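Visitor: Data: protein-v3.pdb, PDB, C-alpha atoms.
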ATOM      1  CA  MET A   1       0.000   0.000   0.000  1.00  0.00           C
ATOM      2  CA  SER A   2       1.154   3.506  -0.730  1.00  0.00           C
ATOM      3  CA  ASN A   3       0.570   7.055   0.400  1.00  0.00           C
ATOM      4  CA  GLU A   4      -0.115   8.304  -3.145  1.00  0.00           C
ATOM      5  CA  GLY A   5      -3.895   8.109  -2.798  1.00  0.00           C
ATOM      6  CA  GLY A   6      -6.556   5.983  -4.388  1.00  0.00           C
ATOM      7  CA  ILE A   7      -8.187   2.715  -3.460  1.00  0.00           C
ATOM      8  CA  GLY A   8      -5.765   0.416  -1.649  1.00  0.00           C
ATOM      9  CA  SER A   9      -3.579   3.237  -0.359  1.00  0.00           C
ATOM     10  CA  THR A  10      -2.999   4.264   3.244  1.00  0.00           C
ATOM     11  CA  PHE A  11      -2.632   7.503   5.156  1.00  0.00           C
ATOM     12  CA  MET A  12      -1.074   7.493   8.637  1.00  0.00           C
ATOM     13  CA  SER A  13      -1.336   3.675   8.511  1.00  0.00           C
ATOM     14  CA  VAL A  14      -5.103   3.826   7.894  1.00  0.00           C
ATOM     15  CA  SER A  15      -6.770   2.481   4.773  1.00  0.00           C
ATOM     16  CA  ARG A  16      -7.750   5.385   2.549  1.00  0.00           C
ATOM     17  CA  GLU A  17     -11.255   3.965   2.209  1.00  0.00           C
ATOM     18  CA  LYS A  18     -11.806   4.599   5.942  1.00  0.00           C
ATOM     19  CA  ILE A  19     -10.931   8.306   5.724  1.00  0.00           C
ATOM     20  CA  PRO A  20     -13.815  10.482   4.471  1.00  0.00           C
ATOM     21  CA  TRP A  21     -11.659  13.254   2.984  1.00  0.00           C
ATOM     22  CA  TRP A  22     -12.724  14.575  -0.415  1.00  0.00           C
ATOM     23  CA  PRO A  23     -14.298  17.768  -1.685  1.00  0.00           C
ATOM     24  CA  GLU A  24     -17.993  18.483  -1.851  1.00  0.00           C
ATOM     25  CA  VAL A  25     -19.096  20.502  -4.868  1.00  0.00           C
ATOM     26  CA  ASP A  26     -21.798  23.127  -4.477  1.00  0.00           C
ATOM     27  CA  THR A  27     -23.392  22.860  -7.906  1.00  0.00           C
ATOM     28  CA  ASP A  28     -25.328  26.078  -7.306  1.00  0.00           C
ATOM     29  CA  LYS A  29     -22.008  27.934  -7.191  1.00  0.00           C
ATOM     30  CA  CYS A  30     -19.907  25.920  -9.658  1.00  0.00           C
ATOM     31  CA  ASP A  31     -20.046  27.241 -13.196  1.00  0.00           C
ATOM     32  CA  GLY A  32     -17.087  25.246 -14.494  1.00  0.00           C
ATOM     33  CA  CYS A  33     -14.983  28.413 -14.525  1.00  0.00           C
ATOM     34  CA  ALA A  34     -16.831  29.454 -17.686  1.00  0.00           C
ATOM     35  CA  GLY A  35     -15.770  26.203 -19.340  1.00  0.00           C
ATOM     36  CA  GLU A  36     -12.143  26.336 -18.179  1.00  0.00           C
ATOM     37  CA  PHE A  37     -12.540  23.893 -15.235  1.00  0.00           C
ATOM     38  CA  ASP A  38      -9.543  25.247 -13.326  1.00  0.00           C
ATOM     39  CA  CYS A  39      -9.762  22.698 -10.475  1.00  0.00           C
ATOM     40  CA  LEU A  40      -9.985  19.806 -12.922  1.00  0.00           C
ATOM     41  CA  LYS A  41      -6.894  21.046 -14.771  1.00  0.00           C
ATOM     42  CA  PHE A  42      -5.046  21.784 -11.531  1.00  0.00           C
ATOM     43  CA  CYS A  43      -5.610  18.485  -9.681  1.00  0.00           C
ATOM     44  CA  PRO A  44      -3.211  15.778 -10.922  1.00  0.00           C
ATOM     45  CA  HIS A  45      -5.067  13.029  -9.026  1.00  0.00           C
ATOM     46  CA  LYS A  46      -8.115  12.777 -11.308  1.00  0.00           C
ATOM     47  CA  VAL A  47     -10.568  13.471  -8.491  1.00  0.00           C
ATOM     48  CA  TYR A  48     -13.052  15.367 -10.708  1.00  0.00           C
ATOM     49  CA  ARG A  49     -14.982  14.915 -13.912  1.00  0.00           C
ATOM     50  CA  THR A  50     -17.004  17.400 -15.934  1.00  0.00           C
ATOM     51  CA  VAL A  51     -20.779  17.345 -16.096  1.00  0.00           C
ATOM     52  CA  GLU A  52     -22.518  18.850 -19.095  1.00  0.00           C
ATOM     53  CA  GLY A  53     -25.353  21.171 -18.278  1.00  0.00           C
ATOM     54  CA  SER A  54     -26.271  24.769 -18.009  1.00  0.00           C
ATOM     55  CA  PRO A  55     -23.898  25.814 -16.671  1.00  0.00           C
ATOM     56  CA  PRO A  56     -21.417  22.973 -17.034  1.00  0.00           C
ATOM     57  CA  HIS A  57     -19.858  22.010 -13.713  1.00  0.00           C
ATOM     58  CA  ILE A  58     -17.686  19.391 -12.041  1.00  0.00           C
ATOM     59  CA  GLU A  59     -18.385  16.527  -9.696  1.00  0.00           C
ATOM     60  CA  VAL A  60     -16.207  14.212  -7.638  1.00  0.00           C
ATOM     61  CA  GLU A  61     -15.561  11.013  -9.562  1.00  0.00           C
ATOM     62  CA  ASN A  62     -12.635   9.412  -7.686  1.00  0.00           C
ATOM     63  CA  LYS A  63     -13.005  10.517  -4.070  1.00  0.00           C
ATOM     64  CA  PHE A  64     -10.292   8.219  -2.702  1.00  0.00           C
ATOM     65  CA  ASN A  65      -7.768   9.740  -5.116  1.00  0.00           C
ATOM     66  CA  CYS A  66      -7.989  13.006  -3.174  1.00  0.00           C
ATOM     67  CA  VAL A  67      -4.884  13.496  -1.057  1.00  0.00           C
ATOM     68  CA  VAL A  68      -5.844  13.655   2.606  1.00  0.00           C
ATOM     69  CA  PHE A  69      -5.605  17.238   3.939  1.00  0.00           C
ATOM     70  CA  CYS A  70      -4.906  18.738   0.500  1.00  0.00           C
ATOM     71  CA  ARG A  71      -7.149  21.720  -0.243  1.00  0.00           C
ATOM     72  CA  ALA A  72      -5.271  23.216  -3.166  1.00  0.00           C
ATOM     73  CA  CYS A  73      -8.232  22.973  -5.553  1.00  0.00           C
ATOM     74  CA  GLN A  74     -10.405  24.827  -3.049  1.00  0.00           C
ATOM     75  CA  LYS A  75      -7.963  27.725  -3.098  1.00  0.00           C
ATOM     76  CA  MET A  76      -8.186  27.841  -6.909  1.00  0.00           C
ATOM     77  CA  CYS A  77     -11.987  28.066  -6.924  1.00  0.00           C
ATOM     78  CA  THR A  78     -13.034  31.684  -7.360  1.00  0.00           C
ATOM     79  CA  LYS A  79     -16.709  30.758  -6.866  1.00  0.00           C
ATOM     80  CA  ASP A  80     -16.096  29.127  -3.454  1.00  0.00           C
ATOM     81  CA  ALA A  81     -17.886  26.023  -4.743  1.00  0.00           C
ATOM     82  CA  LEU A  82     -15.598  23.457  -3.085  1.00  0.00           C
ATOM     83  CA  SER A  83     -15.619  22.504   0.581  1.00  0.00           C
ATOM     84  CA  PHE A  84     -13.838  19.910   2.675  1.00  0.00           C
ATOM     85  CA  PRO A  85     -14.476  18.266   6.045  1.00  0.00           C
ATOM     86  CA  GLU A  86     -12.894  19.800   9.133  1.00  0.00           C
ATOM     87  CA  LYS A  87      -9.357  18.541   9.602  1.00  0.00           C
ATOM     88  CA  SER A  88      -9.977  17.985  13.328  1.00  0.00           C
ATOM     89  CA  ASP A  89     -12.908  15.664  12.536  1.00  0.00           C
ATOM     90  CA  ILE A  90     -10.781  13.625  10.163  1.00  0.00           C
ATOM     91  CA  LEU A  91      -7.950  13.382  12.690  1.00  0.00           C
ATOM     92  CA  LYS A  92     -10.440  11.996  15.243  1.00  0.00           C
ATOM     93  CA  ILE A  93     -11.551   9.343  12.765  1.00  0.00           C
ATOM     94  CA  ILE A  94      -7.955   8.393  11.991  1.00  0.00           C
ATOM     95  CA  LYS A  95      -7.143   8.151  15.699  1.00  0.00           C
ATOM     96  CA  GLU A  96     -10.222   5.977  16.343  1.00  0.00           C
ATOM     97  CA  VAL A  97      -9.402   3.622  13.472  1.00  0.00           C
ATOM     98  CA  ARG A  98      -5.773   3.309  14.550  1.00  0.00           C
ATOM     99  CA  SER A  99      -6.779   2.448  18.117  1.00  0.00           C
ATOM    100  CA  THR A 100      -8.909  -0.524  17.054  1.00  0.00           C
TER     101      THR A 100
END
How would this structure read if it were set down as structure tokens?
Guide:
Amino acid sequence: MSNEGGIGSTFMSVSREKIPWWPEVDTDKCDGCAGEFDCLKFCPHKVYRTVEGSPPHIEVENKFNCVVFCRACQKMCTKDALSFPEKSDILKIIKEVRST
């Protein structure tokens, strides 16, 4: 198992599938950066995919590919359409899983 992300990987010795860290997309705010899809272009982990519509937007396709505690795509989003869980909540989950 690796720390690179994706199914079968680990983070802090915990299976990635047990860590609920991935972005939520507010489709009311996401307009696909007017067709440029900046977050999709920026993220090298193939977390997102485009959804045709009016306006076109993105959705999370590969949630376990998201690197735990990375929020770089959120910083790129000028529409504030991406959100992540609280880091403290995720750390509690990791601690609980590691103690079992």
Visitor: To one decimal in Å, tell me the separation between CA of Lys75 in chain A and CA of Cys43 in chain A.
Guide: 11.6 Å
Visitor: CA of Ile90 in chain A and CA of Thr78 in chain A, how far apart in Å?
Guide: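 Between CA of Thr78 in chain A and CA of Ile90 in chain A the gap is 25.3 Å.
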Visitor: Using all atoms listed in the file, pick whichever of A:Gly32, A:Gly6, A:Pro44, A:Pro20 has the shortest atom-to-atom distance to Ala72 in chain A.
Guide: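 Of the candidates, the smallest distance to Ala72 in chain A is held by A:Pro44.
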Visitor: Running the PyMOL selection byres ((chain A and resi 37) around 10) on this model by hand, what would come out? Give it as a PyMOL selection string.
Guide: chain A and resi 30-36+38-42+48-50+56-58+77
Visitor: The PyMOL selection byres ((chain A and resi 83) around 12) - which residues does that actually catch in the file I just gave you? List them as a CSV table (one decimal) with C-alpha atoms, in the frame of the given file.
Guide:
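Output file part-v4.csv follows:
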chain,number,residue,atom,x,y,z
A,21,TRP,CA,-11.7,13.3,3.0
A,22,TRP,CA,-12.7,14.6,-0.4
A,23,PRO,CA,-14.3,17.8,-1.7
A,24,GLU,CA,-18.0,18.5,-1.9
A,25,VAL,CA,-19.1,20.5,-4.9
A,26,ASP,CA,-21.8,23.1,-4.5
A,27,THR,CA,-23.4,22.9,-7.9
A,29,LYS,CA,-22.0,27.9,-7.2
A,30,CYS,CA,-19.9,25.9,-9.7
A,60,VAL,CA,-16.2,14.2,-7.6
A,69,PHE,CA,-5.6,17.2,3.9
A,70,CYS,CA,-4.9,18.7,0.5
A,71,ARG,CA,-7.1,21.7,-0.2
A,72,ALA,CA,-5.3,23.2,-3.2
A,73,CYS,CA,-8.2,23.0,-5.6
A,74,GLN,CA,-10.4,24.8,-3.0
A,75,LYS,CA,-8.0,27.7,-3.1
A,76,MET,CA,-8.2,27.8,-6.9
A,77,CYS,CA,-12.0,28.1,-6.9
A,79,LYS,CA,-16.7,30.8,-6.9
A,80,ASP,CA,-16.1,29.1,-3.5
A,81,ALA,CA,-17.9,26.0,-4.7
A,82,LEU,CA,-15.6,23.5,-3.1
A,84,PHE,CA,-13.8,19.9,2.7
A,85,PRO,CA,-14.5,18.3,6.0
A,86,GLU,CA,-12.9,19.8,9.1
A,87,LYS,CA,-9.4,18.5,9.6
Visitor: Rounded to one decimal place, report the CA of Ile19 in chain A-CA of Arg98 in chain A distance in Å.
Guide: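 So the answer is 11.4 Å.
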Visitor: List the residues matched by the PyMOL selection byres ((chain A and resi 12) around 10) in the displayed structure as a list in words, ordered by chain and then by residue number.
Guide: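 Applying the PyMOL selection byres ((chain A and resi 12) around 10) to the structure shown produces Asn3, Thr10, Phe11, Ser13, Val14, Ser15, Arg16, Val68, Leu91, Ile94, Lys95 and Arg98 of chain A.
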Visitor: Mind listing as a list in words all residues within 6 Å of (-8.3, 8.8, -1.6), counting all atoms listed in the file?
Guide: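 It turns out the residues near that spot are Gly5, Gly6, Arg16, Lys63, Phe64, Asn65, Cys66 and Val67 of chain A.
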